[in-house]
file my_file-v5.pdb (PDB, C-alpha atoms)
MODEL        1
ATOM      1  CA  MET A   1     -29.038 -24.345   4.143
ATOM      2  CA  PRO A   2     -31.352 -24.719   1.119
ATOM      3  CA  ASP A   3     -34.822 -26.094   1.739
ATOM      4  CA  GLY A   4     -35.291 -29.863   1.600
ATOM      5  CA  PRO A   5     -33.818 -32.797   3.488
ATOM      6  CA  ALA A   6     -30.067 -33.333   3.312
ATOM      7  CA  THR A   7     -29.116 -36.518   1.511
ATOM      8  CA  ASP A   8     -26.473 -38.872   2.829
ATOM      9  CA  GLU A   9     -24.211 -37.658   0.027
ATOM     10  CA  VAL A  10     -24.634 -34.005   1.000
ATOM     11  CA  SER A  11     -24.201 -34.781   4.701
ATOM     12  CA  GLY A  12     -21.028 -36.681   3.908
ATOM     13  CA  ILE A  13     -19.636 -33.819   1.801
ATOM     14  CA  LEU A  14     -20.473 -31.253   4.485
ATOM     15  CA  GLY A  15     -18.891 -33.357   7.217
ATOM     16  CA  ASP A  16     -15.690 -33.899   5.246
ATOM     17  CA  LEU A  17     -15.317 -30.225   4.322
ATOM     18  CA  LEU A  18     -16.165 -28.900   7.779
ATOM     19  CA  ALA A  19     -13.466 -31.135   9.280
ATOM     20  CA  ARG A  20     -10.916 -29.180   7.237
ATOM     21  CA  CYS A  21     -12.295 -25.705   7.949
ATOM     22  CA  ARG A  22     -11.668 -23.328  10.837
ATOM     23  CA  PHE A  23     -14.851 -21.557  11.904
ATOM     24  CA  PRO A  24     -15.566 -19.660  15.151
ATOM     25  CA  PRO A  25     -17.591 -21.376  17.900
ATOM     26  CA  ARG A  26     -21.269 -22.084  17.392
ATOM     27  CA  GLY A  27     -23.484 -19.057  17.926
ATOM     28  CA  THR A  28     -20.806 -16.562  16.828
ATOM     29  CA  ALA A  29     -22.089 -13.838  14.498
ATOM     30  CA  VAL A  30     -19.940 -13.683  11.358
ATOM     31  CA  ASP A  31     -19.841 -11.547   8.224
ATOM     32  CA  CYS A  32     -19.042 -13.419   5.017
ATOM     33  CA  ALA A  33     -17.809 -11.768   1.818
ATOM     34  CA  PHE A  34     -20.364 -13.025  -0.680
ATOM     35  CA  SER A  35     -19.916 -12.611  -4.420
ATOM     36  CA  GLY A  36     -22.352 -15.445  -4.986
ATOM     37  CA  GLY A  37     -19.700 -17.550  -6.709
ATOM     38  CA  ALA A  38     -19.007 -21.150  -5.721
ATOM     39  CA  ASP A  39     -16.312 -20.327  -3.143
ATOM     40  CA  SER A  40     -18.295 -17.670  -1.280
ATOM     41  CA  THR A  41     -21.471 -19.763  -1.509
ATOM     42  CA  ALA A  42     -19.636 -22.702   0.043
ATOM     43  CA  LEU A  43     -18.271 -20.328   2.698
ATOM     44  CA  VAL A  44     -21.792 -19.263   3.685
ATOM     45  CA  LEU A  45     -23.080 -22.842   3.584
ATOM     46  CA  LEU A  46     -20.271 -24.181   5.740
ATOM     47  CA  ALA A  47     -20.379 -21.256   8.169
ATOM     48  CA  ALA A  48     -24.093 -21.883   8.695
ATOM     49  CA  ALA A  49     -23.498 -25.639   9.028
ATOM     50  CA  ALA A  50     -20.835 -24.867  11.648
ATOM     51  CA  GLY A  51     -23.529 -23.147  13.727
ATOM     52  CA  THR A  52     -22.497 -19.526  13.251
ATOM     53  CA  THR A  53     -25.000 -16.733  12.570
ATOM     54  CA  VAL A  54     -24.187 -15.548   9.066
ATOM     55  CA  THR A  55     -24.595 -12.227   7.299
ATOM     56  CA  ALA A  56     -23.617 -12.454   3.619
ATOM     57  CA  ILE A  57     -22.212  -9.148   2.337
ATOM     58  CA  HIS A  58     -22.154  -8.534  -1.419
ATOM     59  CA  VAL A  59     -19.993  -5.674  -2.730
ATOM     60  CA  ASP A  60     -21.194  -4.253  -6.046
ATOM     61  CA  HIS A  61     -18.252  -2.489  -7.726
ATOM     62  CA  GLY A  62     -20.557  -0.966 -10.314
ATOM     63  CA  TRP A  63     -18.141  -1.027 -13.246
ATOM     64  CA  ARG A  64     -20.251  -3.472 -15.283
ATOM     65  CA  PRO A  65     -23.779  -2.622 -16.482
ATOM     66  CA  GLU A  66     -24.961  -6.058 -15.394
ATOM     67  CA  SER A  67     -23.485  -5.799 -11.873
ATOM     68  CA  GLY A  68     -26.914  -4.898 -10.505
ATOM     69  CA  VAL A  69     -28.307  -8.165 -11.873
ATOM     70  CA  ALA A  70     -25.469 -10.066 -10.200
ATOM     71  CA  ALA A  71     -26.292  -8.322  -6.913
ATOM     72  CA  ASP A  72     -29.952  -9.358  -7.228
ATOM     73  CA  ASP A  73     -28.881 -12.929  -7.981
ATOM     74  CA  ALA A  74     -26.633 -12.917  -4.908
ATOM     75  CA  ALA A  75     -29.504 -11.645  -2.754
ATOM     76  CA  GLY A  76     -31.757 -14.415  -4.059
ATOM     77  CA  LEU A  77     -29.095 -17.037  -3.410
ATOM     78  CA  ALA A  78     -28.568 -15.772   0.152
ATOM     79  CA  ALA A  79     -32.328 -16.010   0.744
ATOM     80  CA  ARG A  80     -32.292 -19.598  -0.483
ATOM     81  CA  LEU A  81     -29.408 -20.352   1.863
ATOM     82  CA  GLY A  82     -31.423 -18.878   4.737
ATOM     83  CA  VAL A  83     -28.901 -16.215   5.801
ATOM     84  CA  ALA A  84     -29.087 -12.463   6.251
ATOM     85  CA  PHE A  85     -27.924 -10.414   3.261
ATOM     86  CA  ARG A  86     -26.438  -6.952   2.936
ATOM     87  CA  LEU A  87     -25.577  -5.136  -0.282
ATOM     88  CA  VAL A  88     -22.779  -2.553  -0.314
ATOM     89  CA  ARG A  89     -22.228  -0.428  -3.411
ATOM     90  CA  VAL A  90     -18.857   1.139  -4.222
ATOM     91  CA  SER A  91     -17.741   3.111  -7.262
ATOM     92  CA  VAL A  92     -14.776   1.741  -9.207
ATOM     93  CA  ALA A  93     -14.277   3.205 -12.685
ATOM     94  CA  ASP A  94     -12.825   1.066 -15.451
ATOM     95  CA  GLY A  95      -9.218   1.868 -16.376
ATOM     96  CA  PRO A  96      -5.629   1.229 -15.273
ATOM     97  CA  ASN A  97      -4.957  -0.840 -12.139
ATOM     98  CA  LEU A  98      -8.595  -1.924 -12.082
ATOM     99  CA  GLU A  99      -7.843  -5.171 -10.258
ATOM    100  CA  ALA A 100      -5.946  -3.455  -7.442
ATOM    101  CA  ARG A 101      -8.420  -0.579  -7.141
ATOM    102  CA  ALA A 102     -11.390  -2.944  -7.008
ATOM    103  CA  ARG A 103      -9.695  -5.052  -4.332
ATOM    104  CA  GLU A 104      -8.921  -1.969  -2.237
ATOM    105  CA  ALA A 105     -12.502  -0.686  -2.573
ATOM    106  CA  ARG A 106     -13.895  -4.095  -1.643
ATOM    107  CA  TRP A 107     -11.781  -4.420   1.489
ATOM    108  CA  SER A 108     -12.613  -0.855   2.530
ATOM    109  CA  ALA A 109     -16.316  -1.670   2.256
ATOM    110  CA  LEU A 110     -16.204  -4.900   4.280
ATOM    111  CA  PRO A 111     -16.265  -4.886   8.105
ATOM    112  CA  ALA A 112     -13.104  -5.841   9.941
ATOM    113  CA  GLY A 113     -12.839  -9.582  10.444
ATOM    114  CA  THR A 114     -15.057 -10.476   7.492
ATOM    115  CA  LEU A 115     -14.642 -14.121   6.494
ATOM    116  CA  THR A 116     -13.568 -14.820   2.923
ATOM    117  CA  GLY A 117     -13.868 -17.886   0.720
ATOM    118  CA  HIS A 118     -10.192 -18.121  -0.186
ATOM    119  CA  THR A 119      -9.123 -21.699  -0.897
ATOM    120  CA  ALA A 120      -5.804 -23.489  -1.311
ATOM    121  CA  ASP A 121      -5.991 -22.627  -5.018
ATOM    122  CA  ASP A 122      -6.189 -18.904  -4.198
ATOM    123  CA  ARG A 123      -3.160 -19.290  -1.959
ATOM    124  CA  ALA A 124      -1.154 -20.951  -4.749
ATOM    125  CA  GLU A 125      -2.140 -18.177  -7.169
ATOM    126  CA  THR A 126      -1.142 -15.496  -4.661
ATOM    127  CA  MET A 127       2.229 -17.120  -4.060
ATOM    128  CA  LEU A 128       3.002 -17.170  -7.795
ATOM    129  CA  ILE A 129       1.832 -13.579  -8.254
ATOM    130  CA  ASN A 130       4.037 -12.437  -5.370
ATOM    131  CA  LEU A 131       6.960 -14.416  -6.766
ATOM    132  CA  MET A 132       6.613 -12.555 -10.076
ATOM    133  CA  ARG A 133       6.608  -9.285  -8.147
ATOM    134  CA  GLY A 134       9.878 -10.150  -6.406
ATOM    135  CA  SER A 135       8.396 -10.605  -2.928
ATOM    136  CA  GLY A 136      10.375 -11.910   0.002
ATOM    137  CA  LEU A 137       9.351 -14.352   2.729
ATOM    138  CA  ALA A 138       6.215 -12.435   3.691
ATOM    139  CA  GLY A 139       4.825 -12.471   0.153
ATOM    140  CA  LEU A 140       5.839 -16.035  -0.592
ATOM    141  CA  SER A 141       4.269 -17.394   2.596
ATOM    142  CA  ALA A 142       1.099 -16.178   0.867
ATOM    143  CA  MET A 143      -2.161 -15.983   2.739
ATOM    144  CA  GLY A 144      -1.318 -18.217   5.656
ATOM    145  CA  PRO A 145      -3.949 -19.703   7.970
ATOM    146  CA  SER A 146      -6.127 -17.009   9.472
ATOM    147  CA  ALA A 147      -9.389 -16.723  11.390
ATOM    148  CA  SER A 148     -10.779 -14.778   8.441
ATOM    149  CA  ARG A 149      -9.887 -17.487   5.884
ATOM    150  CA  PRO A 150     -11.593 -20.651   7.152
ATOM    151  CA  LEU A 151     -11.558 -22.461   3.763
ATOM    152  CA  LEU A 152      -7.807 -22.484   3.107
ATOM    153  CA  GLY A 153      -7.731 -26.250   3.589
ATOM    154  CA  LEU A 154     -10.207 -26.776   0.738
ATOM    155  CA  ARG A 155      -9.835 -26.844  -3.026
ATOM    156  CA  ARG A 156     -11.879 -24.832  -5.482
ATOM    157  CA  ARG A 157     -13.216 -27.985  -7.090
ATOM    158  CA  GLU A 158     -14.607 -29.016  -3.706
ATOM    159  CA  THR A 159     -16.575 -25.798  -3.222
ATOM    160  CA  ALA A 160     -18.026 -26.266  -6.705
ATOM    161  CA  ALA A 161     -18.910 -29.887  -5.907
ATOM    162  CA  LEU A 162     -20.719 -28.827  -2.723
ATOM    163  CA  CYS A 163     -22.842 -26.320  -4.639
ATOM    164  CA  ALA A 164     -23.615 -28.913  -7.306
ATOM    165  CA  ALA A 165     -24.609 -31.528  -4.711
ATOM    166  CA  LEU A 166     -27.136 -29.075  -3.283
ATOM    167  CA  GLY A 167     -28.465 -28.094  -6.710
ATOM    168  CA  LEU A 168     -27.264 -24.501  -6.344
ATOM    169  CA  SER A 169     -26.343 -22.295  -9.296
ATOM    170  CA  PRO A 170     -23.646 -19.853  -8.136
ATOM    171  CA  VAL A 171     -23.517 -16.364  -9.613
ATOM    172  CA  ASP A 172     -21.341 -16.217 -12.727
ATOM    173  CA  ASP A 173     -18.948 -13.246 -12.622
ATOM    174  CA  PRO A 174     -17.450 -12.675 -16.094
ATOM    175  CA  THR A 175     -14.602 -10.627 -14.592
ATOM    176  CA  ASN A 176     -13.169 -13.953 -13.371
ATOM    177  CA  ARG A 177     -12.424 -14.739 -17.023
ATOM    178  CA  ASP A 178     -11.055 -11.306 -17.928
ATOM    179  CA  ARG A 179      -7.455 -11.879 -19.004
ATOM    180  CA  ARG A 180      -6.547  -8.271 -18.228
ATOM    181  CA  PHE A 181      -6.240  -9.369 -14.617
ATOM    182  CA  VAL A 182      -3.003 -11.061 -13.575
ATOM    183  CA  ARG A 183      -4.740 -13.467 -11.219
ATOM    184  CA  ASN A 184      -7.026 -14.719 -13.970
ATOM    185  CA  ARG A 185      -4.080 -15.445 -16.249
ATOM    186  CA  VAL A 186      -2.230 -17.221 -13.449
ATOM    187  CA  ARG A 187      -5.358 -19.306 -12.811
ATOM    188  CA  ALA A 188      -6.184 -20.111 -16.426
ATOM    189  CA  GLU A 189      -2.712 -20.281 -17.969
ATOM    190  CA  LEU A 190       0.223 -20.449 -15.572
ATOM    191  CA  LEU A 191      -0.995 -23.012 -13.024
ATOM    192  CA  PRO A 192      -2.152 -25.498 -15.689
ATOM    193  CA  LEU A 193       1.170 -25.072 -17.520
ATOM    194  CA  LEU A 194       3.180 -25.677 -14.341
ATOM    195  CA  ALA A 195       1.070 -28.736 -13.537
ATOM    196  CA  ASP A 196       1.681 -30.066 -17.031
ATOM    197  CA  ILE A 197       5.439 -29.532 -16.745
ATOM    198  CA  ALA A 198       5.578 -31.056 -13.258
ATOM    199  CA  GLY A 199       3.294 -33.913 -14.191
ATOM    200  CA  ARG A 200       1.290 -33.407 -10.987
ATOM    201  CA  ASP A 201      -1.118 -31.100  -9.209
ATOM    202  CA  ILE A 202       1.208 -28.406  -7.893
ATOM    203  CA  VAL A 203      -1.240 -26.561  -5.634
ATOM    204  CA  PRO A 204      -0.445 -28.823  -2.630
ATOM    205  CA  MET A 205       3.276 -28.400  -3.360
ATOM    206  CA  LEU A 206       2.981 -24.618  -3.378
ATOM    207  CA  ALA A 207       0.913 -24.661  -0.184
ATOM    208  CA  ARG A 208       3.540 -26.809   1.546
ATOM    209  CA  THR A 209       6.320 -24.463   0.409
ATOM    210  CA  ALA A 210       4.329 -21.476   1.661
ATOM    211  CA  ASP A 211       3.951 -23.165   5.060
ATOM    212  CA  LEU A 212       7.706 -23.811   5.264
ATOM    213  CA  LEU A 213       8.492 -20.209   4.345
ATOM    214  CA  ALA A 214       5.951 -18.970   6.896
ATOM    215  CA  ALA A 215       7.764 -20.959   9.602
ATOM    216  CA  ASP A 216      11.093 -19.449   8.511
ATOM    217  CA  LEU A 217       9.526 -15.987   8.555
ATOM    218  CA  GLN A 218       8.209 -16.542  12.077
ATOM    219  CA  LEU A 219      11.722 -17.395  13.268
ATOM    220  CA  VAL A 220      13.299 -14.391  11.535
ATOM    221  CA  ASP A 221      10.584 -12.094  12.883
ATOM    222  CA  ALA A 222      11.150 -13.358  16.417
ATOM    223  CA  ASP A 223      14.878 -12.618  16.177
ATOM    224  CA  ALA A 224      14.262  -9.267  14.477
ATOM    225  CA  SER A 225      11.857  -8.174  17.218
ATOM    226  CA  ILE A 226      14.803  -8.072  19.627
ATOM    227  CA  LEU A 227      16.722  -5.671  17.361
ATOM    228  CA  ASP A 228      16.157  -1.946  17.971
ATOM    229  CA  PRO A 229      15.531  -0.448  14.490
ATOM    230  CA  THR A 230      16.455   3.040  15.721
ATOM    231  CA  ASP A 231      19.942   1.927  16.816
ATOM    232  CA  ALA A 232      22.115   2.620  13.766
ATOM    233  CA  ARG A 233      25.126   0.684  15.049
ATOM    234  CA  ALA A 234      23.028  -2.386  15.913
ATOM    235  CA  LEU A 235      21.335  -2.355  12.515
ATOM    236  CA  ALA A 236      24.623  -2.016  10.660
ATOM    237  CA  ALA A 237      26.152  -4.903  12.622
ATOM    238  CA  ALA A 238      23.152  -7.258  12.350
ATOM    239  CA  PRO A 239      22.802  -9.938   9.654
ATOM    240  CA  PRO A 240      21.075  -8.288   6.662
ATOM    241  CA  ALA A 241      17.982 -10.515   6.909
ATOM    242  CA  LEU A 242      17.359  -9.474  10.517
ATOM    243  CA  ALA A 243      18.115  -5.818   9.830
ATOM    244  CA  ARG A 244      15.660  -5.769   6.921
ATOM    245  CA  ARG A 245      12.903  -7.366   9.004
ATOM    246  CA  ALA A 246      13.451  -4.937  11.888
ATOM    247  CA  VAL A 247      13.298  -1.920   9.570
ATOM    248  CA  ARG A 248      10.293  -3.332   7.729
ATOM    249  CA  ARG A 249       8.360  -3.700  11.000
ATOM    250  CA  TRP A 250       9.365  -0.197  12.077
ATOM    251  CA  LEU A 251       8.272   1.455   8.830
ATOM    252  CA  THR A 252       4.998  -0.447   8.423
ATOM    253  CA  VAL A 253       2.122   2.012   8.656
ATOM    254  CA  GLY A 254      -1.536   1.028   8.726
ATOM    255  CA  GLY A 255      -0.651  -2.551   7.841
ATOM    256  CA  LEU A 256       1.142  -1.508   4.655
ATOM    257  CA  PRO A 257       4.823  -2.539   4.696
ATOM    258  CA  PRO A 258       7.493  -0.566   2.814
ATOM    259  CA  ASP A 259       9.037  -1.876  -0.380
ATOM    260  CA  LEU A 260      12.542  -3.361  -0.428
ATOM    261  CA  ALA A 261      14.083  -0.213  -1.946
ATOM    262  CA  SER A 262      12.849   1.869   0.995
ATOM    263  CA  VAL A 263      14.217  -0.636   3.503
ATOM    264  CA  GLU A 264      17.613  -0.654   1.770
ATOM    265  CA  ARG A 265      17.750   3.154   1.827
ATOM    266  CA  VAL A 266      17.183   3.129   5.579
ATOM    267  CA  LEU A 267      19.972   0.598   6.007
ATOM    268  CA  GLU A 268      22.262   2.936   4.056
ATOM    269  CA  VAL A 269      21.406   5.641   6.596
ATOM    270  CA  ALA A 270      22.156   3.222   9.450
ATOM    271  CA  SER A 271      25.528   2.274   7.968
ATOM    272  CA  GLY A 272      26.586   5.896   7.517
ATOM    273  CA  GLU A 273      26.551   5.940   3.718
ATOM    274  CA  VAL A 274      24.023   8.786   3.858
ATOM    275  CA  ARG A 275      22.612  10.891   6.682
ATOM    276  CA  ALA A 276      18.952  10.699   5.655
ATOM    277  CA  CYS A 277      16.610   9.370   2.987
ATOM    278  CA  GLU A 278      13.174  10.158   1.613
ATOM    279  CA  MET A 279      10.333   7.732   2.242
ATOM    280  CA  ALA A 280       6.845   7.320   0.829
ATOM    281  CA  GLY A 281       4.092   9.531   2.202
ATOM    282  CA  GLY A 282       6.293  12.598   2.652
ATOM    283  CA  ARG A 283       8.312  11.025   5.465
ATOM    284  CA  ARG A 284      12.050  10.705   5.774
ATOM    285  CA  VAL A 285      14.431   8.787   8.022
ATOM    286  CA  GLU A 286      17.318  10.686   9.609
ATOM    287  CA  ARG A 287      20.368   9.631  11.633
ATOM    288  CA  HIS A 288      21.557  11.711  14.577
ATOM    289  CA  ARG A 289      24.065  10.569  17.214
ATOM    290  CA  GLN A 290      23.761   7.001  15.899
ATOM    291  CA  ARG A 291      19.987   6.974  16.338
ATOM    292  CA  LEU A 292      17.442   6.790  13.537
ATOM    293  CA  ARG A 293      14.186   8.673  13.598
ATOM    294  CA  ILE A 294      11.208   9.159  11.286
ATOM    295  CA  VAL A 295      10.390  12.766  10.454
ATOM    296  CA  ASP A 296       7.259  13.917   8.661
ATOM    297  CA  GLY A 297       7.616  16.388   5.797
ATOM    298  CA  GLY A 298      10.440  18.651   4.748
ATOM    299  CA  PRO A 299      13.503  18.038   2.584
ATOM    300  CA  VAL A 300      16.377  15.741   3.376
ATOM    301  CA  PRO A 301      18.988  17.636   5.400
ATOM    302  CA  SER A 302      21.851  19.176   3.446
ATOM    303  CA  GLY A 303      24.347  16.527   2.399
ATOM    304  CA  GLY A 304      21.894  13.802   3.453
ATOM    305  CA  ASP A 305      21.047  11.668   0.430
ATOM    306  CA  ASP A 306      24.161  12.360  -1.636
ATOM    307  CA  ARG A 307      25.765   8.910  -1.189
ATOM    308  CA  THR A 308      28.558  10.378   0.882
ATOM    309  CA  PRO A 309      29.130   9.680   4.561
ATOM    310  CA  GLY A 310      27.810  12.361   6.878
ATOM    311  CA  ALA A 311      28.701  13.344  10.382
ATOM    312  CA  SER A 312      26.957  11.358  13.059
TER     313      SER A 312
ENDMDL
END

call {"tool": "encode", "arguments": {"input": "my_file-v5.pdb", "output": "C-alpha cells"}}
result
Amino acid sequence: MPDGPATDEVSGILGDLLARCRFPPRGTAVDCAFSGGADSTALVLLAAAAGTTVTAIHVDHGWRPESGVAADDAAGLAARLGVAFRLVRVSVADGPNLEARAREARWSALPAGTLTGHTADDRAETMLINLMRGSGLAGLSAMGPSASRPLLGLRRRETAALCAALGLSPVDDPTNRDRRFVRNRVRAELLPLLADIAGRDIVPMLARTADLLAADLQLVDADASILDPTDARALAAAPPALARRAVRRWLTVGGLPPDLASVERVLEVASGEVRACEMAGGRRVERHRQRLRIVDGGPVPSGGDDRTPGAS
C-alpha cells in the first residue's frame, strides 16, 4: 500500500472491490503478473490488502526500445506499493503473430499459479475473440472463475479508479493501443460498437452468457467423461456433442486441446469411414478391432486415410 494514511474514500473503494475478489487466505505467498498498468497495479494493491505476501513479476518482452524504461517504472511502482519485485526478460522479435508469441513467452516466464489482473472486460473481449475464431463451448465460456484470476468480478474502470484514488500513475504500455492486435481492436472498436447497437453496457451480458455456457460445458463434460474414447463403437453411437468432448479430452496434450478438424477426423476413424488419420505433432490415430489408439510417428497405414471403409 502506498505511504500515507488511507482516506475514508480509499478504504471504502478497497472494501467494495475486495468483497468481489477471490484471493487466497491471509499469509499466503502469491506471485502477481505485473505490467504496471492499472489492472495489474490494482491486483497487487488488492492482494496486499487481502493479507497475502506479494511478489510482483514484470515480464519485459524486449521488442520495444523503451521497454527497459517501462520495466524501471514498474519496479519503482512496486517499491511504492511496498511489495517484492522481480524482473524477467524474454526475447520476442517483432513480426507475424506477435500477439500470440508474446503471450506464449509471457506465460512460459511466469511461475505456475501466478495471479493475473484479468477483469470482466477482459473476459468479454476473450469471448468475442473466440467467437470470431469459431470456438465451441470451451472458448465461449471464456476465462471462467479461477484461483489465478481473482479480479474477474471487477471492471476495468474500477481498477483505474482505485489507482486514481491513491494518486498512482500506472505504467503506460503503448502496445495496448496498437491496432495490429486483435484484442486491442475488439476493445477499442468492437465492444463500443456493440454497446451502441444494444443501447447498453454489454460486458455484463457477455459475462452472464459465458457463465451459462460454462454450466452447459460442465454438464457435457461430466457425461463425456463416462464415454471411453478408445471404444470405436461407443463413440460412433454416442450423440455427436458427447463424442466430440470425449475425443477432445483424450487428445489434449500439455493443456493444449486439438482443433475441431482433428476431432472430426478421429470420429471418422471411429465410424469406420477411414482406418486412421494424421494428427498434429507427428501423431496419428488408428482403429484396430474396434479400438482406437494413438501412435507416434510413421505414415498412416495403407488404405487408412483414403475416405473408404477399412477392415476392422

call {"tool": "residues_around", "arguments": {"input": "my_file-v5.pdb", "residues": "stretch 67-73 of chain A", "least_positions_apart": "2", "cutoff": "10 Å", "atoms": "only C-alpha atoms", "output": "mmCIF file with C-alpha atoms, keeping the file's coordinate frame"}}
result
data_model
loop_
_atom_site.group_PDB
_atom_site.id
_atom_site.type_symbol
_atom_site.label_atom_id
_atom_site.label_comp_id
_atom_site.auth_asym_id
_atom_site.auth_seq_id
_atom_site.Cartn_x
_atom_site.Cartn_y
_atom_site.Cartn_z
ATOM 1 C CA PHE A 34 -20.364 -13.025 -0.680
ATOM 2 C CA SER A 35 -19.916 -12.611 -4.420
ATOM 3 C CA GLY A 36 -22.352 -15.445 -4.986
ATOM 4 C CA HIS A 58 -22.154 -8.534 -1.419
ATOM 5 C CA VAL A 59 -19.993 -5.674 -2.730
ATOM 6 C CA ASP A 60 -21.194 -4.253 -6.046
ATOM 7 C CA HIS A 61 -18.252 -2.489 -7.726
ATOM 8 C CA GLY A 62 -20.557 -0.966 -10.314
ATOM 9 C CA TRP A 63 -18.141 -1.027 -13.246
ATOM 10 C CA ARG A 64 -20.251 -3.472 -15.283
ATOM 11 C CA PRO A 65 -23.779 -2.622 -16.482
ATOM 12 C CA ALA A 75 -29.504 -11.645 -2.754
ATOM 13 C CA GLY A 76 -31.757 -14.415 -4.059
ATOM 14 C CA LEU A 77 -29.095 -17.037 -3.410
ATOM 15 C CA ALA A 78 -28.568 -15.772 0.152
ATOM 16 C CA ALA A 79 -32.328 -16.010 0.744
ATOM 17 C CA ARG A 86 -26.438 -6.952 2.936
ATOM 18 C CA LEU A 87 -25.577 -5.136 -0.282
ATOM 19 C CA VAL A 88 -22.779 -2.553 -0.314
ATOM 20 C CA ARG A 89 -22.228 -0.428 -3.411
ATOM 21 C CA SER A 169 -26.343 -22.295 -9.296
ATOM 22 C CA PRO A 170 -23.646 -19.853 -8.136
ATOM 23 C CA VAL A 171 -23.517 -16.364 -9.613
ATOM 24 C CA ASP A 172 -21.341 -16.217 -12.727
ATOM 25 C CA ASP A 173 -18.948 -13.246 -12.622
#

call {"tool": "closest_atom_pairs", "arguments": {"input": "my_file-v5.pdb", "of": "stretch 1-111 of chain A", "to": "stretch 118-132 of chain A", "cutoff": "10 Å", "atoms": "only C-alpha atoms", "output": "CSV"}}
result
residue,atom,partner,partner_atom,distance
A:Asp39,CA,A:His118,CA,7.1
A:Ser40,CA,A:His118,CA,8.2
A:Leu43,CA,A:His118,CA,8.9

call {"tool": "resolve_selection", "arguments": {"input": "my_file-v5.pdb", "expression": "the PyMOL selection byres ((chain A and resi 281) around 12)", "output": "NGL selection string"}}
result
:A and (251-253 or 256 or 258 or 262 or 278-280 or 282-285 or 294-298)

call {"tool": "write_last_selection", "arguments": {"input": "my_file-v5.pdb", "atoms": "C-alpha atoms", "output": "PDB file, in the coordinates of the input"}}
result
ATOM      1  CA  LEU A 251       8.272   1.455   8.830  1.00  0.00           C
ATOM      2  CA  THR A 252       4.998  -0.447   8.423  1.00  0.00           C
ATOM      3  CA  VAL A 253       2.122   2.012   8.656  1.00  0.00           C
ATOM      4  CA  LEU A 256       1.142  -1.508   4.655  1.00  0.00           C
ATOM      5  CA  PRO A 258       7.493  -0.566   2.814  1.00  0.00           C
ATOM      6  CA  SER A 262      12.849   1.869   0.995  1.00  0.00           C
ATOM      7  CA  GLU A 278      13.174  10.158   1.613  1.00  0.00           C
ATOM      8  CA  MET A 279      10.333   7.732   2.242  1.00  0.00           C
ATOM      9  CA  ALA A 280       6.845   7.320   0.829  1.00  0.00           C
ATOM     10  CA  GLY A 282       6.293  12.598   2.652  1.00  0.00           C
ATOM     11  CA  ARG A 283       8.312  11.025   5.465  1.00  0.00           C
ATOM     12  CA  ARG A 284      12.050  10.705   5.774  1.00  0.00           C
ATOM     13  CA  VAL A 285      14.431   8.787   8.022  1.00  0.00           C
ATOM     14  CA  ILE A 294      11.208   9.159  11.286  1.00  0.00           C
ATOM     15  CA  VAL A 295      10.390  12.766  10.454  1.00  0.00           C
ATOM     16  CA  ASP A 296       7.259  13.917   8.661  1.00  0.00           C
ATOM     17  CA  GLY A 297       7.616  16.388   5.797  1.00  0.00           C
ATOM     18  CA  GLY A 298      10.440  18.651   4.748  1.00  0.00           C
TER      19      GLY A 298
END

call {"tool": "resolve_selection", "arguments": {"input": "my_file-v5.pdb", "expression": "the PyMOL selection byres ((chain A and resi 180-184) around 8)", "output": "list in words"}}
result
Glu99, Glu125, Thr126, Ile129, Asn176, Arg177, Asp178, Arg179, Arg185, Val186, Arg187 and Ala188 of chain A

call {"tool": "atom_distance", "arguments": {"input": "my_file-v5.pdb", "atom1": "atom CA of A:Ala207", "atom2": "atom CA of A:Leu140"}}
result
9.9 Å

call {"tool": "resolve_selection", "arguments": {"input": "my_file-v5.pdb", "expression": "the PyMOL selection byres ((chain A and resi 33) around 6)", "output": "VMD selection string"}}
result
chain A and resid 32 34 57 116

call {"tool": "write_last_selection", "arguments": {"input": "my_file-v5.pdb", "atoms": "C-alpha atoms", "output": "short mmCIF file (atom, residue, chain, number, x, y, z; two decimals), keeping the file's coordinate frame"}}
result
data_model
loop_
_atom_site.label_atom_id
_atom_site.label_comp_id
_atom_site.auth_asym_id
_atom_site.auth_seq_id
_atom_site.Cartn_x
_atom_site.Cartn_y
_atom_site.Cartn_z
CA CYS A 32 -19.04 -13.42 5.02
CA PHE A 34 -20.36 -13.02 -0.68
CA ILE A 57 -22.21 -9.15 2.34
CA THR A 116 -13.57 -14.82 2.92
#

call {"tool": "residues_around", "arguments": {"input": "my_file-v5.pdb", "residues": "stretch 144-146 of chain A", "least_positions_apart": "4", "cutoff": "8 Å", "atoms": "all atoms listed in the file", "output": "MDAnalysis selection string"}}
result
chainID A and resid 123 150 152 210:211 214

call {"tool": "closest_residue", "arguments": {"input": "my_file-v5.pdb", "among": "A:Asp221, A:Leu213, A:Ala42, A:Phe23", "to": "A:Ala142", "atoms": "all atoms listed in the file"}}
result
A:Leu213

call {"tool": "residues_around", "arguments": {"input": "my_file-v5.pdb", "residues": "A:Trp250", "least_positions_apart": "3", "cutoff": "10 Å", "atoms": "only C-alpha atoms", "output": "PDB file with C-alpha atoms, keeping the file's coordinate frame"}}
result
ATOM      1  CA  SER A 225      11.857  -8.174  17.218  1.00  0.00           C
ATOM      2  CA  ASP A 228      16.157  -1.946  17.971  1.00  0.00           C
ATOM      3  CA  PRO A 229      15.531  -0.448  14.490  1.00  0.00           C
ATOM      4  CA  THR A 230      16.455   3.040  15.721  1.00  0.00           C
ATOM      5  CA  ARG A 244      15.660  -5.769   6.921  1.00  0.00           C
ATOM      6  CA  ARG A 245      12.903  -7.366   9.004  1.00  0.00           C
ATOM      7  CA  ALA A 246      13.451  -4.937  11.888  1.00  0.00           C
ATOM      8  CA  VAL A 247      13.298  -1.920   9.570  1.00  0.00           C
ATOM      9  CA  VAL A 253       2.122   2.012   8.656  1.00  0.00           C
ATOM     10  CA  PRO A 257       4.823  -2.539   4.696  1.00  0.00           C
ATOM     11  CA  PRO A 258       7.493  -0.566   2.814  1.00  0.00           C
ATOM     12  CA  VAL A 263      14.217  -0.636   3.503  1.00  0.00           C
ATOM     13  CA  ILE A 294      11.208   9.159  11.286  1.00  0.00           C
TER      14      ILE A 294
END
